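The next block is protein_20.csv, given as CSV, N, CA and C atoms.
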```csv
chain,number,residue,atom,x,y,z
A,23,MET,N,14.6,1.3,-1.1
A,23,MET,CA,13.4,1.2,-0.4
A,23,MET,C,12.3,0.5,-1.2
A,24,THR,N,11.5,-0.3,-0.6
A,24,THR,CA,10.4,-0.9,-1.3
A,24,THR,C,9.1,-0.6,-0.8
A,25,LEU,N,8.1,-0.7,-1.6
A,25,LEU,CA,6.7,-0.5,-1.1
A,25,LEU,C,6.3,-1.8,-0.4
A,26,ALA,N,5.5,-1.6,0.7
A,26,ALA,CA,5.1,-2.8,1.5
A,26,ALA,C,3.6,-2.7,1.7
A,27,VAL,N,2.9,-3.8,1.8
A,27,VAL,CA,1.5,-3.8,2.2
A,27,VAL,C,1.4,-4.4,3.6
A,28,ASP,N,0.8,-3.6,4.5
A,28,ASP,CA,0.7,-4.1,5.8
A,28,ASP,C,-0.8,-4.0,6.2
A,29,VAL,N,-1.2,-4.9,7.1
A,29,VAL,CA,-2.6,-4.8,7.6
A,29,VAL,C,-2.5,-4.2,9.0
A,30,PHE,N,-3.4,-3.2,9.2
A,30,PHE,CA,-3.4,-2.5,10.5
A,30,PHE,C,-4.8,-2.7,11.1
A,31,VAL,N,-4.9,-2.8,12.4
A,31,VAL,CA,-6.2,-2.8,13.1
A,31,VAL,C,-6.1,-1.8,14.3
A,32,ARG,N,-7.2,-1.3,14.7
A,32,ARG,CA,-7.3,-0.5,15.9
A,32,ARG,C,-7.5,-1.3,17.1
A,33,ASP,N,-6.7,-1.1,18.1
A,33,ASP,CA,-7.0,-1.8,19.3
A,33,ASP,C,-8.0,-1.2,20.2
A,34,ALA,N,-8.3,-1.7,21.4
A,34,ALA,CA,-9.3,-1.1,22.3
A,34,ALA,C,-9.1,0.3,22.6
A,35,ASN,N,-7.8,0.8,22.6
A,35,ASN,CA,-7.5,2.2,22.9
A,35,ASN,C,-7.5,3.1,21.7
A,36,GLY,N,-7.9,2.5,20.5
A,36,GLY,CA,-7.9,3.4,19.3
A,36,GLY,C,-6.6,3.5,18.7
A,37,GLU,N,-5.6,2.8,19.2
A,37,GLU,CA,-4.2,2.8,18.6
A,37,GLU,C,-4.1,1.8,17.4
A,38,TRP,N,-3.4,2.2,16.4
A,38,TRP,CA,-3.1,1.3,15.2
A,38,TRP,C,-2.1,0.2,15.6
A,39,ARG,N,-2.4,-1.0,15.3
A,39,ARG,CA,-1.5,-2.1,15.5
A,39,ARG,C,-1.3,-2.8,14.2
A,40,VAL,N,0.0,-3.1,13.8
A,40,VAL,CA,0.3,-3.8,12.6
A,40,VAL,C,0.3,-5.3,12.8
A,41,LEU,N,-0.5,-6.0,12.0
A,41,LEU,CA,-0.5,-7.4,12.1
A,41,LEU,C,0.7,-8.1,11.4
A,42,ASP,N,1.1,-9.2,12.0
A,42,ASP,CA,2.3,-9.9,11.4
A,42,ASP,C,1.9,-10.4,10.0
A,43,VAL,N,2.9,-10.5,9.2
A,43,VAL,CA,2.7,-11.1,7.9
A,43,VAL,C,2.7,-12.6,8.1
A,44,PRO,N,1.7,-13.3,7.5
A,44,PRO,CA,1.6,-14.8,7.7
A,44,PRO,C,2.9,-15.5,7.2
A,45,GLU,N,3.2,-16.6,7.8
A,45,GLU,CA,4.4,-17.4,7.4
A,45,GLU,C,4.2,-17.8,6.0
A,46,GLY,N,5.3,-17.7,5.3
A,46,GLY,CA,5.3,-18.0,3.8
A,46,GLY,C,4.8,-16.9,2.9
A,47,CYS,N,4.4,-15.8,3.5
A,47,CYS,CA,3.9,-14.7,2.7
A,47,CYS,C,4.9,-13.5,2.7
A,48,ASP,N,4.7,-12.6,1.8
A,48,ASP,CA,5.6,-11.5,1.6
A,48,ASP,C,4.8,-10.2,1.6
A,49,ASP,N,5.3,-9.1,2.2
A,49,ASP,CA,4.5,-7.9,2.2
A,49,ASP,C,4.9,-6.9,1.2
A,50,SER,N,5.8,-7.4,0.3
A,50,SER,CA,6.3,-6.5,-0.8
A,50,SER,C,5.3,-6.2,-1.8
A,51,ALA,N,5.2,-4.9,-2.3
A,51,ALA,CA,4.3,-4.4,-3.3
A,51,ALA,C,5.1,-3.8,-4.4
A,52,GLY,N,6.4,-4.0,-4.5
A,52,GLY,CA,7.3,-3.5,-5.5
A,52,GLY,C,8.3,-2.5,-5.1
A,53,PHE,N,9.1,-2.0,-6.0
A,53,PHE,CA,10.1,-1.0,-5.7
A,53,PHE,C,9.4,0.3,-5.5
A,54,GLU,N,10.1,1.2,-4.8
A,54,GLU,CA,9.6,2.6,-4.5
A,54,GLU,C,9.2,3.3,-5.8
A,55,ALA,N,10.1,3.1,-6.9
A,55,ALA,CA,9.8,3.7,-8.2
A,55,ALA,C,8.5,3.2,-8.8
A,56,TRP,N,8.0,2.1,-8.4
A,56,TRP,CA,6.7,1.6,-8.9
A,56,TRP,C,5.5,2.5,-8.5
A,57,ARG,N,5.7,3.3,-7.5
A,57,ARG,CA,4.6,4.3,-7.2
A,57,ARG,C,4.1,5.0,-8.4
A,58,ARG,N,5.0,5.5,-9.3
A,58,ARG,CA,4.6,6.2,-10.5
A,58,ARG,C,4.6,5.3,-11.7
A,59,THR,N,5.7,4.5,-11.9
A,59,THR,CA,5.8,3.7,-13.1
A,59,THR,C,4.8,2.6,-13.3
A,60,VAL,N,4.3,2.0,-12.2
A,60,VAL,CA,3.3,0.9,-12.2
A,60,VAL,C,2.0,1.4,-11.7
A,61,TRP,N,1.9,1.5,-10.4
A,61,TRP,CA,0.6,1.8,-9.7
A,61,TRP,C,0.0,3.1,-10.1
A,62,GLY,N,0.8,4.1,-10.4
A,62,GLY,CA,0.2,5.4,-10.8
A,62,GLY,C,0.2,5.6,-12.3
A,63,SER,N,0.6,4.6,-13.0
A,63,SER,CA,0.7,4.7,-14.5
A,63,SER,C,-0.6,4.9,-15.2
A,64,GLU,N,-0.6,5.5,-16.4
A,64,GLU,CA,-1.8,5.7,-17.2
A,64,GLU,C,-2.4,4.4,-17.5
A,65,ALA,N,-1.6,3.3,-17.7
A,65,ALA,CA,-2.2,2.0,-18.0
A,65,ALA,C,-3.1,1.5,-16.8
A,66,VAL,N,-2.7,1.7,-15.6
A,66,VAL,CA,-3.5,1.3,-14.4
A,66,VAL,C,-4.7,2.1,-14.3
A,67,ARG,N,-4.5,3.4,-14.5
A,67,ARG,CA,-5.7,4.4,-14.5
A,67,ARG,C,-6.7,4.0,-15.5
A,68,SER,N,-6.2,3.7,-16.7
A,68,SER,CA,-7.1,3.4,-17.8
A,68,SER,C,-8.0,2.1,-17.6
A,69,LEU,N,-7.5,1.3,-16.7
A,69,LEU,CA,-8.3,0.1,-16.3
A,69,LEU,C,-9.4,0.4,-15.3
A,70,GLY,N,-9.4,1.7,-14.8
A,70,GLY,CA,-10.4,2.1,-13.9
A,70,GLY,C,-10.0,2.0,-12.4
A,71,ALA,N,-8.7,1.8,-12.2
A,71,ALA,CA,-8.3,1.7,-10.8
A,71,ALA,C,-8.4,3.1,-10.2
A,72,ARG,N,-8.9,3.1,-8.9
A,72,ARG,CA,-9.1,4.3,-8.2
A,72,ARG,C,-8.1,4.4,-7.0
A,73,HIS,N,-7.9,3.3,-6.4
A,73,HIS,CA,-7.1,3.4,-5.2
A,73,HIS,C,-5.6,3.3,-5.5
A,74,LEU,N,-5.1,2.4,-6.3
A,74,LEU,CA,-3.7,2.2,-6.5
A,74,LEU,C,-3.0,3.4,-7.1
A,75,PRO,N,-3.6,4.2,-8.0
A,75,PRO,CA,-3.0,5.4,-8.5
A,75,PRO,C,-2.6,6.4,-7.4
A,76,VAL,N,-3.3,6.4,-6.3
A,76,VAL,CA,-3.0,7.3,-5.2
A,76,VAL,C,-1.5,7.1,-4.8
A,77,LEU,N,-1.0,5.9,-4.9
A,77,LEU,CA,0.4,5.7,-4.5
A,77,LEU,C,1.4,6.6,-5.3
A,78,ALA,N,1.0,7.1,-6.4
A,78,ALA,CA,1.9,8.0,-7.2
A,78,ALA,C,2.3,9.2,-6.4
A,79,GLU,N,1.4,9.6,-5.5
A,79,GLU,CA,1.6,10.9,-4.8
A,79,GLU,C,1.7,10.7,-3.2
A,80,ASP,N,1.2,9.6,-2.7
A,80,ASP,CA,1.0,9.5,-1.3
A,80,ASP,C,0.9,8.0,-0.9
A,81,ASP,N,0.9,7.8,0.4
A,81,ASP,CA,0.7,6.5,0.9
A,81,ASP,C,-0.8,6.2,0.8
A,82,LEU,N,-1.2,4.9,0.8
A,82,LEU,CA,-2.6,4.5,0.6
A,82,LEU,C,-3.1,3.8,1.8
A,83,PHE,N,-4.2,4.3,2.3
A,83,PHE,CA,-4.9,3.6,3.4
A,83,PHE,C,-6.3,3.2,3.0
A,84,VAL,N,-6.5,1.9,2.9
A,84,VAL,CA,-7.9,1.5,2.6
A,84,VAL,C,-8.4,0.5,3.6
```

In structure tokens, how does this file's structure come out?
Amino acid sequence: MTLAVDVFVRDANGEWRVLDVPEGCDDSAGFEAWRRTVWGSEAVRSLGARHLPVLAEDDLFV
């Protein structure tokens, strides 16, 4: 399993709709293990990252 980055928008009914990935782009954000080893790592936290370390424990919605 891999981590993916997707863009969601709310439609007129308040439902979430996933936008298509533009041609030539990739929605990959790394391997599932990267939640802790990269995005939630102490190195990323020490750089002042606030949002990405959330991935160590949960999905991230920004």

Where does DSSP see alpha helix (DSSP H) in chain A, if you list the residues as a tab-separated table (two decimals) with N, CA and C atoms, in the coordinates of the input?
```tsv
chain	number	residue	atom	x	y	z
A	56	TRP	N	8.00	2.10	-8.40
A	56	TRP	CA	6.70	1.60	-8.90
A	56	TRP	C	5.50	2.50	-8.50
A	64	GLU	N	-0.60	5.50	-16.40
A	64	GLU	CA	-1.80	5.70	-17.20
A	64	GLU	C	-2.40	4.40	-17.50
A	65	ALA	N	-1.60	3.30	-17.70
A	65	ALA	CA	-2.20	2.00	-18.00
A	65	ALA	C	-3.10	1.50	-16.80
A	66	VAL	N	-2.70	1.70	-15.60
A	66	VAL	CA	-3.50	1.30	-14.40
A	66	VAL	C	-4.70	2.10	-14.30
A	67	ARG	N	-4.50	3.40	-14.50
A	67	ARG	CA	-5.70	4.40	-14.50
A	67	ARG	C	-6.70	4.00	-15.50
A	68	SER	N	-6.20	3.70	-16.70
A	68	SER	CA	-7.10	3.40	-17.80
A	68	SER	C	-8.00	2.10	-17.60
```

Nearby residues (all atoms listed in the file) at most 8 Å from A:Asp28, same-chain spacing under 2 positions excluded, as a PyMOL selection string: chain A and resi 25-26+30-31+40-43+49-50

Store the residues picked out above, limited to N, CA and C atoms, as a PDB file, keeping the file's coordinate frame.
```
ATOM      1  N   LEU A  25       8.100  -0.700  -1.600  1.00  0.00           N
ATOM      2  CA  LEU A  25       6.700  -0.500  -1.100  1.00  0.00           C
ATOM      3  C   LEU A  25       6.300  -1.800  -0.400  1.00  0.00           C
ATOM      4  N   ALA A  26       5.500  -1.600   0.700  1.00  0.00           N
ATOM      5  CA  ALA A  26       5.100  -2.800   1.500  1.00  0.00           C
ATOM      6  C   ALA A  26       3.600  -2.700   1.700  1.00  0.00           C
ATOM      7  N   PHE A  30      -3.400  -3.200   9.200  1.00  0.00           N
ATOM      8  CA  PHE A  30      -3.400  -2.500  10.500  1.00  0.00           C
ATOM      9  C   PHE A  30      -4.800  -2.700  11.100  1.00  0.00           C
ATOM     10  N   VAL A  31      -4.900  -2.800  12.400  1.00  0.00           N
ATOM     11  CA  VAL A  31      -6.200  -2.800  13.100  1.00  0.00           C
ATOM     12  C   VAL A  31      -6.100  -1.800  14.300  1.00  0.00           C
ATOM     13  N   VAL A  40       0.000  -3.100  13.800  1.00  0.00           N
ATOM     14  CA  VAL A  40       0.300  -3.800  12.600  1.00  0.00           C
ATOM     15  C   VAL A  40       0.300  -5.300  12.800  1.00  0.00           C
ATOM     16  N   LEU A  41      -0.500  -6.000  12.000  1.00  0.00           N
ATOM     17  CA  LEU A  41      -0.500  -7.400  12.100  1.00  0.00           C
ATOM     18  C   LEU A  41       0.700  -8.100  11.400  1.00  0.00           C
ATOM     19  N   ASP A  42       1.100  -9.200  12.000  1.00  0.00           N
ATOM     20  CA  ASP A  42       2.300  -9.900  11.400  1.00  0.00           C
ATOM     21  C   ASP A  42       1.900 -10.400  10.000  1.00  0.00           C
ATOM     22  N   VAL A  43       2.900 -10.500   9.200  1.00  0.00           N
ATOM     23  CA  VAL A  43       2.700 -11.100   7.900  1.00  0.00           C
ATOM     24  C   VAL A  43       2.700 -12.600   8.100  1.00  0.00           C
ATOM     25  N   ASP A  49       5.300  -9.100   2.200  1.00  0.00           N
ATOM     26  CA  ASP A  49       4.500  -7.900   2.200  1.00  0.00           C
ATOM     27  C   ASP A  49       4.900  -6.900   1.200  1.00  0.00           C
ATOM     28  N   SER A  50       5.800  -7.400   0.300  1.00  0.00           N
ATOM     29  CA  SER A  50       6.300  -6.500  -0.800  1.00  0.00           C
ATOM     30  C   SER A  50       5.300  -6.200  -1.800  1.00  0.00           C
TER      31      SER A  50
END
```

All strand (DSSP E) positions in chain A, as a list in words: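 Those in chain A that DSSP calls strand (DSSP E) are Thr24, Leu25, Ala26, Phe30, Val31, Arg32, Trp38, Arg39, Val40, Ser50, Ala51, Gly52 and Phe53 of chain A.
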
Length of the atom CA of A:Val29 to atom C of A:Trp61 vector [Å]: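 Computing the Euclidean distance for atom CA of A:Val29 and atom C of A:Trp61 yields 19.6 Å.
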
Protein/DNA/RNA residues near (14.1, 3.7, -2.2), cut 12 Å, only C-alpha atoms, as number ranges by chain: A: 23-26, 52-57

Pairwise distance for atom CA of A:Cys47 and atom C of A:Gly70, rounded to one decimal in Å: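 Spanning atom CA of A:Cys47 to atom C of A:Gly70 is a straight-line distance of 26.5 Å.
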
Separation of atom CA of A:Ala78 from atom C of A:Ala65 in Å: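 Interatomic distance here is 12.6 Å.
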
If I only want stretch 54-73 of chain A, can you write it with C-alpha atoms, as a compact mmCIF listing (two decimals), in the first residue's frame?
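Everything below was put into out.txt:
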```txt
# COMPACT_ATOMS: atom_id res chain seq x y z
CA GLU A 54 2.89 3.31 3.76
CA ALA A 55 5.92 2.88 6.05
CA TRP A 56 6.88 6.49 5.31
CA ARG A 57 4.10 7.64 7.64
CA ARG A 58 6.49 7.14 10.55
CA THR A 59 9.95 6.80 8.99
CA VAL A 60 9.75 9.96 6.88
CA TRP A 61 6.74 12.23 7.41
CA GLY A 62 6.44 11.54 11.13
CA SER A 63 10.18 11.39 11.77
CA GLU A 64 12.01 13.51 14.31
CA ALA A 65 13.96 15.10 11.46
CA VAL A 66 10.76 16.41 9.84
CA ARG A 67 9.42 17.55 13.22
CA SER A 68 12.68 19.36 13.98
CA LEU A 69 12.22 21.40 10.80
CA GLY A 70 9.03 22.79 12.30
CA ALA A 71 6.59 20.74 10.22
CA ARG A 72 3.16 20.66 11.83
CA HIS A 73 0.93 18.95 9.29
```
